[in-house]
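Content type CSV, C-alpha atoms and all ligand atoms, from the file query_38.csv:
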```
chain,number,residue,atom,x,y,z
A,1,MET,CA,-52.8,30.7,-72.5
A,2,GLY,CA,-56.0,31.9,-74.2
A,3,ARG,CA,-56.6,31.1,-77.9
A,4,MET,CA,-56.2,34.8,-78.8
A,5,GLU,CA,-52.9,35.2,-77.1
A,6,PHE,CA,-51.6,32.0,-78.7
A,7,PHE,CA,-52.9,33.3,-82.1
A,8,LYS,CA,-50.8,36.5,-81.6
A,9,GLU,CA,-47.7,34.6,-80.5
A,10,GLY,CA,-48.1,32.2,-83.5
A,11,LEU,CA,-48.5,35.1,-85.9
A,12,LYS,CA,-45.4,36.8,-84.5
A,13,ASN,CA,-43.3,33.6,-84.7
A,14,LEU,CA,-44.9,31.7,-87.5
A,15,LYS,CA,-41.5,30.4,-88.8
A,16,THR,CA,-40.7,28.7,-85.4
A,17,ILE,CA,-44.2,27.9,-84.1
A,18,GLY,CA,-45.7,26.8,-87.4
A,19,THR,CA,-49.3,27.3,-86.4
A,20,VAL,CA,-51.6,29.9,-84.8
A,21,THR,CA,-53.7,27.6,-82.7
A,22,PRO,CA,-52.8,25.2,-79.9
A,23,SER,CA,-53.6,21.5,-80.1
A,24,SER,CA,-57.2,20.8,-79.1
A,25,LYS,CA,-58.0,18.7,-76.0
A,26,TYR,CA,-59.2,16.0,-78.4
A,27,LEU,CA,-55.9,15.8,-80.3
A,28,CYS,CA,-54.0,15.8,-77.0
A,29,ALA,CA,-56.2,13.1,-75.5
A,30,LYS,CA,-55.9,11.0,-78.7
A,31,MET,CA,-52.1,11.3,-78.9
A,32,VAL,CA,-51.5,10.5,-75.2
A,33,GLY,CA,-54.1,7.8,-75.4
A,34,LEU,CA,-52.1,6.0,-78.1
A,35,SER,CA,-49.0,5.8,-75.9
A,36,ASP,CA,-48.0,3.1,-73.5
A,37,LEU,CA,-46.6,5.0,-70.5
A,38,ILE,CA,-46.8,2.1,-68.0
A,39,GLY,CA,-43.4,1.6,-66.3
A,40,SER,CA,-41.9,4.7,-68.1
A,41,LYS,CA,-39.1,6.6,-66.3
A,42,CYS,CA,-38.1,9.2,-68.9
A,43,ILE,CA,-40.6,10.9,-71.2
A,44,VAL,CA,-39.8,13.7,-73.6
A,45,GLU,CA,-42.0,16.3,-75.2
A,46,LEU,CA,-40.6,18.4,-78.1
A,47,GLY,CA,-42.1,21.7,-79.0
A,48,ALA,CA,-44.3,21.8,-75.9
A,49,GLY,CA,-45.8,25.3,-76.6
A,50,ASP,CA,-47.9,26.7,-73.8
A,51,GLY,CA,-48.1,23.2,-72.2
A,52,VAL,CA,-51.5,22.0,-73.5
A,53,MET,CA,-50.2,18.6,-74.3
A,54,THR,CA,-47.8,18.6,-71.3
A,55,SER,CA,-50.8,18.6,-68.9
A,56,HIS,CA,-52.3,15.6,-70.6
A,57,ILE,CA,-49.0,13.7,-70.4
A,58,LEU,CA,-48.6,14.5,-66.8
A,59,LYS,CA,-52.1,13.2,-66.0
A,60,ARG,CA,-51.3,9.9,-67.6
A,61,MET,CA,-47.6,9.3,-66.6
A,62,PRO,CA,-46.4,7.2,-63.7
A,63,ALA,CA,-45.6,8.9,-60.4
A,64,GLY,CA,-41.9,8.2,-60.5
A,65,ALA,CA,-41.3,9.3,-64.1
A,66,MET,CA,-39.8,12.5,-65.4
A,67,LEU,CA,-41.0,14.6,-68.3
A,68,PHE,CA,-38.5,16.8,-70.2
A,69,ALA,CA,-40.5,19.5,-72.1
A,70,PHE,CA,-38.4,21.2,-74.8
A,71,GLU,CA,-39.5,24.6,-76.0
A,72,ILE,CA,-37.6,27.6,-77.5
A,73,ASN,CA,-40.2,30.3,-77.0
A,74,PRO,CA,-39.6,32.2,-73.8
A,75,LYS,CA,-43.2,33.2,-73.3
A,76,PHE,CA,-44.4,29.6,-73.6
A,77,CYS,CA,-41.7,28.4,-71.2
A,78,GLU,CA,-42.8,31.0,-68.6
A,79,LEU,CA,-46.3,29.6,-68.8
A,80,MET,CA,-45.1,26.0,-68.5
A,81,ARG,CA,-43.1,26.9,-65.4
A,82,GLU,CA,-46.4,27.7,-63.7
A,83,ILE,CA,-47.4,24.0,-63.9
A,84,ASP,CA,-46.9,22.8,-60.4
A,85,ASP,CA,-45.6,19.3,-60.8
A,86,PRO,CA,-42.1,18.1,-59.7
A,87,ARG,CA,-42.0,15.5,-62.5
A,88,LEU,CA,-41.8,18.3,-65.1
A,89,ILE,CA,-38.5,19.7,-66.3
A,90,VAL,CA,-39.0,22.7,-68.6
A,91,VAL,CA,-36.0,22.9,-71.0
A,92,GLU,CA,-35.8,26.3,-72.6
A,93,ASP,CA,-33.5,25.1,-75.4
A,94,SER,CA,-33.8,23.6,-78.9
A,95,ALA,CA,-34.7,19.9,-79.2
A,96,GLU,CA,-31.4,19.6,-81.1
A,97,HIS,CA,-29.7,19.5,-77.7
A,98,LEU,CA,-31.8,16.6,-76.4
A,99,ALA,CA,-28.9,14.3,-75.7
A,100,LYS,CA,-27.2,16.8,-73.3
A,101,TYR,CA,-30.2,17.2,-71.0
A,102,ILE,CA,-31.1,13.5,-70.9
A,103,ASN,CA,-27.5,12.5,-70.1
A,104,ASP,CA,-27.0,15.3,-67.5
A,105,HIS,CA,-30.0,14.0,-65.6
A,106,GLY,CA,-28.5,10.5,-65.6
A,107,PHE,CA,-30.8,8.9,-68.1
A,108,GLU,CA,-29.5,6.6,-70.8
A,109,GLN,CA,-32.8,5.8,-72.5
A,110,ILE,CA,-36.1,7.5,-73.3
A,111,ASP,CA,-39.3,5.6,-73.0
A,112,VAL,CA,-41.7,7.7,-75.1
A,113,VAL,CA,-41.3,10.9,-77.2
A,114,PHE,CA,-44.2,13.2,-78.0
A,115,SER,CA,-43.4,15.9,-80.6
A,116,ALA,CA,-45.3,18.8,-82.1
A,117,LEU,CA,-42.2,20.3,-83.6
A,118,PRO,CA,-43.0,22.1,-86.9
A,119,PHE,CA,-40.7,20.0,-89.0
A,120,VAL,CA,-42.3,21.4,-92.2
A,121,VAL,CA,-40.7,24.8,-91.4
A,122,LEU,CA,-37.4,23.6,-89.9
A,123,PRO,CA,-34.3,23.0,-92.2
A,124,ASP,CA,-34.2,19.4,-93.4
A,125,GLU,CA,-30.9,18.7,-91.7
A,126,VAL,CA,-32.2,20.0,-88.3
A,127,SER,CA,-35.4,17.8,-88.6
A,128,GLN,CA,-33.3,14.8,-89.6
A,129,SER,CA,-30.9,15.2,-86.7
A,130,ILE,CA,-33.6,15.6,-84.1
A,131,VAL,CA,-35.6,12.6,-85.3
A,132,GLN,CA,-32.3,10.5,-85.5
A,133,SER,CA,-31.4,11.5,-81.9
A,134,CYS,CA,-34.9,10.5,-80.7
A,135,TYR,CA,-34.4,7.1,-82.4
A,136,ASP,CA,-30.9,6.7,-80.9
A,137,PHE,CA,-32.2,7.4,-77.3
A,138,LEU,CA,-35.4,5.5,-77.4
A,139,LYS,CA,-35.5,2.1,-75.6
A,140,PRO,CA,-36.2,-0.9,-77.8
A,141,LEU,CA,-39.9,-0.8,-78.6
A,142,GLY,CA,-40.0,2.8,-77.4
A,143,GLN,CA,-42.7,5.0,-79.1
A,144,PHE,CA,-42.3,8.3,-81.0
A,145,PHE,CA,-45.4,10.4,-81.7
A,146,GLN,CA,-45.5,13.4,-84.1
A,147,VAL,CA,-48.3,15.8,-84.9
A,148,HIS,CA,-48.6,17.0,-88.5
A,149,TYR,CA,-51.2,18.9,-90.5
A,150,SER,CA,-50.2,17.0,-93.7
A,151,LEU,CA,-48.4,13.8,-94.6
A,152,LEU,CA,-45.6,15.6,-96.5
A,153,GLU,CA,-43.0,14.7,-94.0
A,154,LYS,CA,-44.0,11.0,-93.5
A,155,ASN,CA,-40.8,9.7,-95.3
A,156,LEU,CA,-38.6,11.4,-92.7
A,157,TYR,CA,-39.8,9.0,-90.0
A,158,LYS,CA,-40.1,6.0,-92.4
A,159,ARG,CA,-36.4,6.4,-93.3
A,160,ILE,CA,-35.2,6.5,-89.7
A,161,PHE,CA,-37.7,4.2,-87.9
A,162,GLY,CA,-38.6,1.9,-90.8
A,163,ASN,CA,-42.3,2.1,-89.8
A,164,VAL,CA,-45.0,4.7,-89.4
A,165,ASN,CA,-48.6,4.4,-88.4
A,166,VAL,CA,-51.0,7.2,-89.2
A,167,SER,CA,-54.1,8.3,-87.1
A,168,PHE,CA,-56.3,11.3,-87.7
A,169,GLN,CA,-58.1,13.8,-85.5
A,170,LEU,CA,-60.8,15.8,-87.1
A,171,LEU,CA,-61.5,17.8,-84.0
A,172,ASN,CA,-58.6,20.1,-84.2
A,173,ILE,CA,-57.9,23.4,-86.0
A,174,PRO,CA,-56.6,22.4,-88.5
A,175,PRO,CA,-57.5,18.7,-88.5
A,176,ALA,CA,-54.3,16.8,-87.6
A,177,PHE,CA,-52.5,13.6,-88.3
A,178,ILE,CA,-50.7,11.7,-85.5
A,179,LEU,CA,-47.7,9.8,-86.9
A,180,THR,CA,-46.5,6.9,-84.6
A,181,CYS,CA,-43.3,5.1,-84.9
A,182,SER,CA,-41.8,2.3,-82.8
A,183,LYS,CA,-38.1,1.5,-82.3
A,184,ILE,CA,-38.0,-2.1,-83.6
A,185,ILE,CA,-34.5,-3.6,-83.3
B,1,LIG,C1,-47.0,23.5,-83.5
B,1,LIG,S1,-46.4,24.3,-82.0
B,1,LIG,C2,-47.0,23.1,-80.8
B,1,LIG,C3,-47.3,23.6,-79.5
B,1,LIG,C4,-48.1,22.6,-78.5
B,1,LIG,N1,-47.3,21.4,-78.3
B,1,LIG,C5,-49.4,22.3,-79.0
B,1,LIG,O1,-49.6,21.1,-79.4
B,1,LIG,O2,-50.3,23.1,-79.1
B,1,LIG,C6,-44.7,23.9,-82.1
B,1,LIG,C7,-43.8,24.4,-81.0
B,1,LIG,O3,-42.5,24.0,-81.2
B,1,LIG,C8,-41.6,25.0,-80.8
B,1,LIG,N2,-40.3,24.8,-81.4
B,1,LIG,C9,-39.9,25.2,-82.7
B,1,LIG,N3,-38.7,24.8,-82.9
B,1,LIG,C10,-38.2,24.2,-81.8
B,1,LIG,C11,-37.0,23.6,-81.4
B,1,LIG,N4,-35.9,23.5,-82.3
B,1,LIG,N5,-36.8,23.1,-80.2
B,1,LIG,C12,-37.9,23.1,-79.3
B,1,LIG,N6,-39.1,23.7,-79.6
B,1,LIG,C13,-39.2,24.2,-80.8
B,1,LIG,C14,-42.3,26.3,-81.1
B,1,LIG,O4,-41.9,27.4,-80.4
B,1,LIG,C15,-43.8,25.9,-80.8
B,1,LIG,O5,-44.2,26.3,-79.5
```
Using C-alpha cells, write down the structure that the file contains.
Amino acid sequence: MGRMEFFKEGLKNLKTIGTVTPSSKYLCAKMVGLSDLIGSKCIVELGAGDGVMTSHILKRMPAGAMLFAFEINPKFCELMREIDDPRLIVVEDSAEHLAKYINDHGFEQIDVVFSALPFVVLPDEVSQSIVQSCYDFLKPLGQFFQVHYSLLEKNLYKRIFGNVNVSFQLLNIPPAFILTCSKII
C-alpha cells in the first residue's frame, strides 16, 4: 500500500490504527533483527497493518515455521492475503482471540511475538488481557516485541513480564521505541 493510501486509512480509523504512517523499513529491520527466530515454529504478529513488518519477518523466519498475522482492518487484510507465502496465516480478527487460533492450529506455545498494536488508544483491560495472553503462550525465554511512539505504556509490560528493554529507531515517522520483553521463568 502506498503511503498516501495508508495515510487516508489511518485518518479514517485513527482510533484503531493509532497512526497515519506505516513502519519504515529501518524500524522493521531493527525489530526483526533483535529477534531470535532460529528453530521457531510458531511466530505471531499483532496489528500487522498492510504487511510491511510481515514481509520482513517472513524473510528471516525458518522454512518450517508458521506466522499468524492478526489484523482487524479488512482493507489491510486484503492486502496481506496477496503475500504469496504458505507460511503466512492472515487472521482477520482481534488479537484478543489469539488463544483460539493458536490452539486450533495445534500449537501449544509461541516462540516470538511482534506487536504494533496501538495500546495507547485501546482500553486498558483489553491491552492487559492481550499482553497477558502473549505471556501465557510464549515458550520459556520466548521474546515479545512492541512498537511505541512514547514510553507511557512501559509499565504494562514490566508488570506482566518483569523485564523490559528499550531500543530506539530515529528513522521512522514518528521516531519509535521498540520495547523487548523475555519470558523468564
Ligand atoms: C500502528 S498500526 C501498525 C501497522 C503495521 N504493523 C506497521 O508497523 O506499519 C496498528 C495496527 O493494529 C491494528 N489493530 C488495532 N486493534 C487491533 C486488535 N485488537 N487486533 C488486531 N489488530 C488490531 C490496526 O488496524 C492497525 O493496522
Subject >> Residue with smallest distance to Thr54 of chain A - pool A:Gly162, A:Ser24, A:Leu37, A:Leu88, counting all atoms listed in the file >> reply: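 Closest residue, counting all atoms listed in the file: A:Leu88.
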**OP:** Counting only C-alpha atoms, figure out which residue out of A:His148, A:Arg87, A:Lys183, A:Lys25 gets nearest to Val44 of chain A.
**Re:**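 Ranked by minimum distance to Val44 of chain A, first place goes to A:Arg87.
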Original post:
Nearest to ligand LIG 1 (chain B) among A:Pro140, A:Pro86, A:Pro118, A:Gly64, with distances taken over only C-alpha atoms and all ligand atoms: which residue is it?
Top reply: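 Answer, going by the shortest atom-to-atom distance: A:Pro118.
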Subject >> Minimum-distance residue to ligand LIG 1 (chain B), chosen among A:Glu45, A:Asp136, A:Asp111, A:Glu5 (using only C-alpha atoms and all ligand atoms) >> reply: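 The answer is A:Glu45, which sits nearest to ligand LIG 1 (chain B).
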Subject >> Selection within 7 Å of ligand LIG 1 (chain B) by all atoms listed in the file, output as a list of chain:residue names >> reply: A:Thr16, A:Ile17, A:Gly18, A:Thr19, A:Thr21, A:Pro22, A:Ser23, A:Leu46, A:Gly47, A:Ala48, A:Gly49, A:Asp50, A:Gly51, A:Val52, A:Met53, A:Phe70, A:Glu71, A:Ile72, A:Asn73, A:Phe76, A:Asp93, A:Ser94, A:Ala95, A:Glu96, A:Ala116, A:Leu117, A:Pro118
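Distances here use only C-alpha atoms; by that measure, the residue among A:Phe6, A:Phe119, A:Phe145, A:Phe68 closest to Gly33 of chain A is A:Phe145.
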Subject >> Distance in Å - atom CA of Ala176 of chain A versus atom CA of Ser150 of chain A >> reply: 7.4 Å
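Atom CA of Asp104 of chain A is positioned 12.4 Å from atom CA of Ile89 of chain A.
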Original post:
What does the distance between atom CA of Val147 of chain A and atom CA of Ile178 of chain A come to in Å, to one decimal place?
Top reply: 4.8 Å
Subject >> Residue nearest Cys28 of chain A - candidates A:Ser115, A:Asn13, A:Met1, A:Gly106, atoms counted: all atoms listed in the file >> reply: A:Ser115
Test item: residues at most 9 Å from Cys134 of chain A, only C-alpha atoms, excluding those fewer than 4 positions along its chain, as a compact mmCIF listing (two decimals) with C-alpha atoms, in the coordinates of the input:
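Below is the file around-v7.txt, written as the result:
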```
# COMPACT_ATOMS: atom_id res chain seq x y z
CA LEU A 98 -31.80 16.60 -76.40
CA ALA A 99 -28.90 14.30 -75.70
CA ILE A 110 -36.10 7.50 -73.30
CA VAL A 113 -41.30 10.90 -77.20
CA SER A 129 -30.90 15.20 -86.70
CA ILE A 130 -33.60 15.60 -84.10
CA LEU A 138 -35.40 5.50 -77.40
CA PHE A 144 -42.30 8.30 -81.00
```
Would you pick out the contacts of segment 151-155 of chain A at 8 Å or less, using only C-alpha atoms, so that residues sharing its chain but fewer than 3 positions from it are not included, and give the list as a CSV table (one decimal) with C-alpha atoms, in the coordinates of the input?
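Written file, around_31.csv:
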```
chain,number,residue,atom,x,y,z
A,119,PHE,CA,-40.7,20.0,-89.0
A,120,VAL,CA,-42.3,21.4,-92.2
A,148,HIS,CA,-48.6,17.0,-88.5
A,158,LYS,CA,-40.1,6.0,-92.4
A,159,ARG,CA,-36.4,6.4,-93.3
A,164,VAL,CA,-45.0,4.7,-89.4
A,177,PHE,CA,-52.5,13.6,-88.3
A,179,LEU,CA,-47.7,9.8,-86.9
```
Provide segment 73-164 of chain A of the preceding structure as a file containing C-alpha atoms, as an mmCIF file, in the first residue's frame.
```cif
data_model
loop_
_atom_site.group_PDB
_atom_site.id
_atom_site.type_symbol
_atom_site.label_atom_id
_atom_site.label_comp_id
_atom_site.auth_asym_id
_atom_site.auth_seq_id
_atom_site.Cartn_x
_atom_site.Cartn_y
_atom_site.Cartn_z
ATOM 1 C CA ASN A 73 -8.897 -3.789 9.299
ATOM 2 C CA PRO A 74 -10.462 -5.566 6.274
ATOM 3 C CA LYS A 75 -8.604 -3.439 3.712
ATOM 4 C CA PHE A 76 -5.234 -4.263 5.290
ATOM 5 C CA CYS A 77 -6.164 -7.981 5.492
ATOM 6 C CA GLU A 78 -6.993 -7.990 1.778
ATOM 7 C CA LEU A 79 -3.527 -6.619 1.017
ATOM 8 C CA MET A 80 -1.817 -9.154 3.265
ATOM 9 C CA ARG A 81 -3.625 -12.019 1.539
ATOM 10 C CA GLU A 82 -1.754 -11.003 -1.620
ATOM 11 C CA ILE A 83 1.517 -12.063 0.049
ATOM 12 C CA ASP A 84 2.247 -15.376 -1.604
ATOM 13 C CA ASP A 85 3.796 -17.432 1.196
ATOM 14 C CA PRO A 86 2.265 -20.657 2.567
ATOM 15 C CA ARG A 87 3.803 -19.965 5.992
ATOM 16 C CA LEU A 88 1.552 -16.916 6.493
ATOM 17 C CA ILE A 89 -1.893 -17.199 8.100
ATOM 18 C CA VAL A 90 -3.783 -13.886 7.951
ATOM 19 C CA VAL A 91 -6.209 -13.753 10.879
ATOM 20 C CA GLU A 92 -8.912 -11.134 10.344
ATOM 21 C CA ASP A 93 -9.837 -10.939 13.998
ATOM 22 C CA SER A 94 -8.825 -9.158 17.169
ATOM 23 C CA ALA A 95 -5.606 -10.113 18.929
ATOM 24 C CA GLU A 96 -7.866 -10.698 21.956
ATOM 25 C CA HIS A 97 -8.741 -14.073 20.385
ATOM 26 C CA LEU A 98 -5.133 -15.187 19.970
ATOM 27 C CA ALA A 99 -5.536 -18.366 22.055
ATOM 28 C CA LYS A 100 -8.301 -19.785 19.872
ATOM 29 C CA TYR A 101 -6.298 -19.543 16.612
ATOM 30 C CA ILE A 102 -3.069 -20.872 18.114
ATOM 31 C CA ASN A 103 -4.863 -23.852 19.687
ATOM 32 C CA ASP A 104 -6.984 -24.569 16.600
ATOM 33 C CA HIS A 105 -3.788 -24.942 14.566
ATOM 34 C CA GLY A 106 -2.375 -27.403 17.085
ATOM 35 C CA PHE A 107 0.250 -25.157 18.685
ATOM 36 C CA GLU A 108 0.752 -25.039 22.445
ATOM 37 C CA GLN A 109 3.476 -22.411 22.521
ATOM 38 C CA ILE A 110 4.533 -19.263 20.675
ATOM 39 C CA ASP A 111 8.234 -18.668 20.014
ATOM 40 C CA VAL A 112 8.181 -14.925 19.280
ATOM 41 C CA VAL A 113 5.519 -12.164 19.260
ATOM 42 C CA PHE A 114 5.901 -8.954 17.214
ATOM 43 C CA SER A 115 3.293 -6.329 18.047
ATOM 44 C CA ALA A 116 2.481 -2.885 16.678
ATOM 45 C CA LEU A 117 -0.938 -2.795 18.361
ATOM 46 C CA PRO A 118 -1.880 0.762 19.352
ATOM 47 C CA PHE A 119 -2.190 0.018 23.088
ATOM 48 C CA VAL A 120 -2.260 3.757 23.812
ATOM 49 C CA VAL A 121 -5.714 4.003 22.209
ATOM 50 C CA LEU A 122 -7.089 0.606 23.320
ATOM 51 C CA PRO A 123 -8.980 0.234 26.628
ATOM 52 C CA ASP A 124 -6.616 -0.696 29.495
ATOM 53 C CA GLU A 125 -8.337 -4.010 30.204
ATOM 54 C CA VAL A 126 -8.061 -5.059 26.531
ATOM 55 C CA SER A 127 -4.341 -4.156 26.405
ATOM 56 C CA GLN A 128 -3.702 -6.009 29.653
ATOM 57 C CA SER A 129 -5.539 -9.124 28.536
ATOM 58 C CA ILE A 130 -3.698 -9.264 25.165
ATOM 59 C CA VAL A 131 -0.237 -8.854 26.724
ATOM 60 C CA GLN A 132 -1.094 -11.406 29.443
ATOM 61 C CA SER A 133 -2.213 -13.926 26.832
ATOM 62 C CA CYS A 134 1.050 -13.385 24.880
ATOM 63 C CA TYR A 135 2.981 -14.033 28.093
ATOM 64 C CA ASP A 136 0.957 -17.175 28.861
ATOM 65 C CA PHE A 137 1.529 -18.635 25.374
ATOM 66 C CA LEU A 138 5.198 -17.731 24.966
ATOM 67 C CA LYS A 139 7.718 -20.535 25.458
ATOM 68 C CA PRO A 140 10.248 -20.062 28.283
ATOM 69 C CA LEU A 141 12.725 -17.385 27.117
ATOM 70 C CA GLY A 142 10.344 -16.509 24.245
ATOM 71 C CA GLN A 143 10.523 -12.885 23.103
ATOM 72 C CA PHE A 144 7.817 -10.209 22.905
ATOM 73 C CA PHE A 145 8.438 -7.054 20.839
ATOM 74 C CA GLN A 146 6.248 -3.950 20.886
ATOM 75 C CA VAL A 147 6.479 -0.736 18.838
ATOM 76 C CA HIS A 148 5.586 2.518 20.618
ATOM 77 C CA TYR A 149 5.964 6.208 19.899
ATOM 78 C CA SER A 150 6.371 7.035 23.606
ATOM 79 C CA LEU A 151 7.240 5.162 26.789
ATOM 80 C CA LEU A 152 3.892 5.880 28.501
ATOM 81 C CA GLU A 153 2.847 2.218 28.373
ATOM 82 C CA LYS A 154 6.176 0.739 29.541
ATOM 83 C CA ASN A 155 4.759 -0.351 32.915
ATOM 84 C CA LEU A 156 2.150 -2.537 31.246
ATOM 85 C CA TYR A 157 4.946 -4.866 30.033
ATOM 86 C CA LYS A 158 7.043 -4.501 33.185
ATOM 87 C CA ARG A 159 4.085 -5.650 35.314
ATOM 88 C CA ILE A 160 3.461 -8.765 33.225
ATOM 89 C CA PHE A 161 6.965 -9.815 32.092
ATOM 90 C CA GLY A 162 9.001 -8.307 34.929
ATOM 91 C CA ASN A 163 11.558 -7.012 32.417
ATOM 92 C CA VAL A 164 11.615 -4.525 29.514
#
```
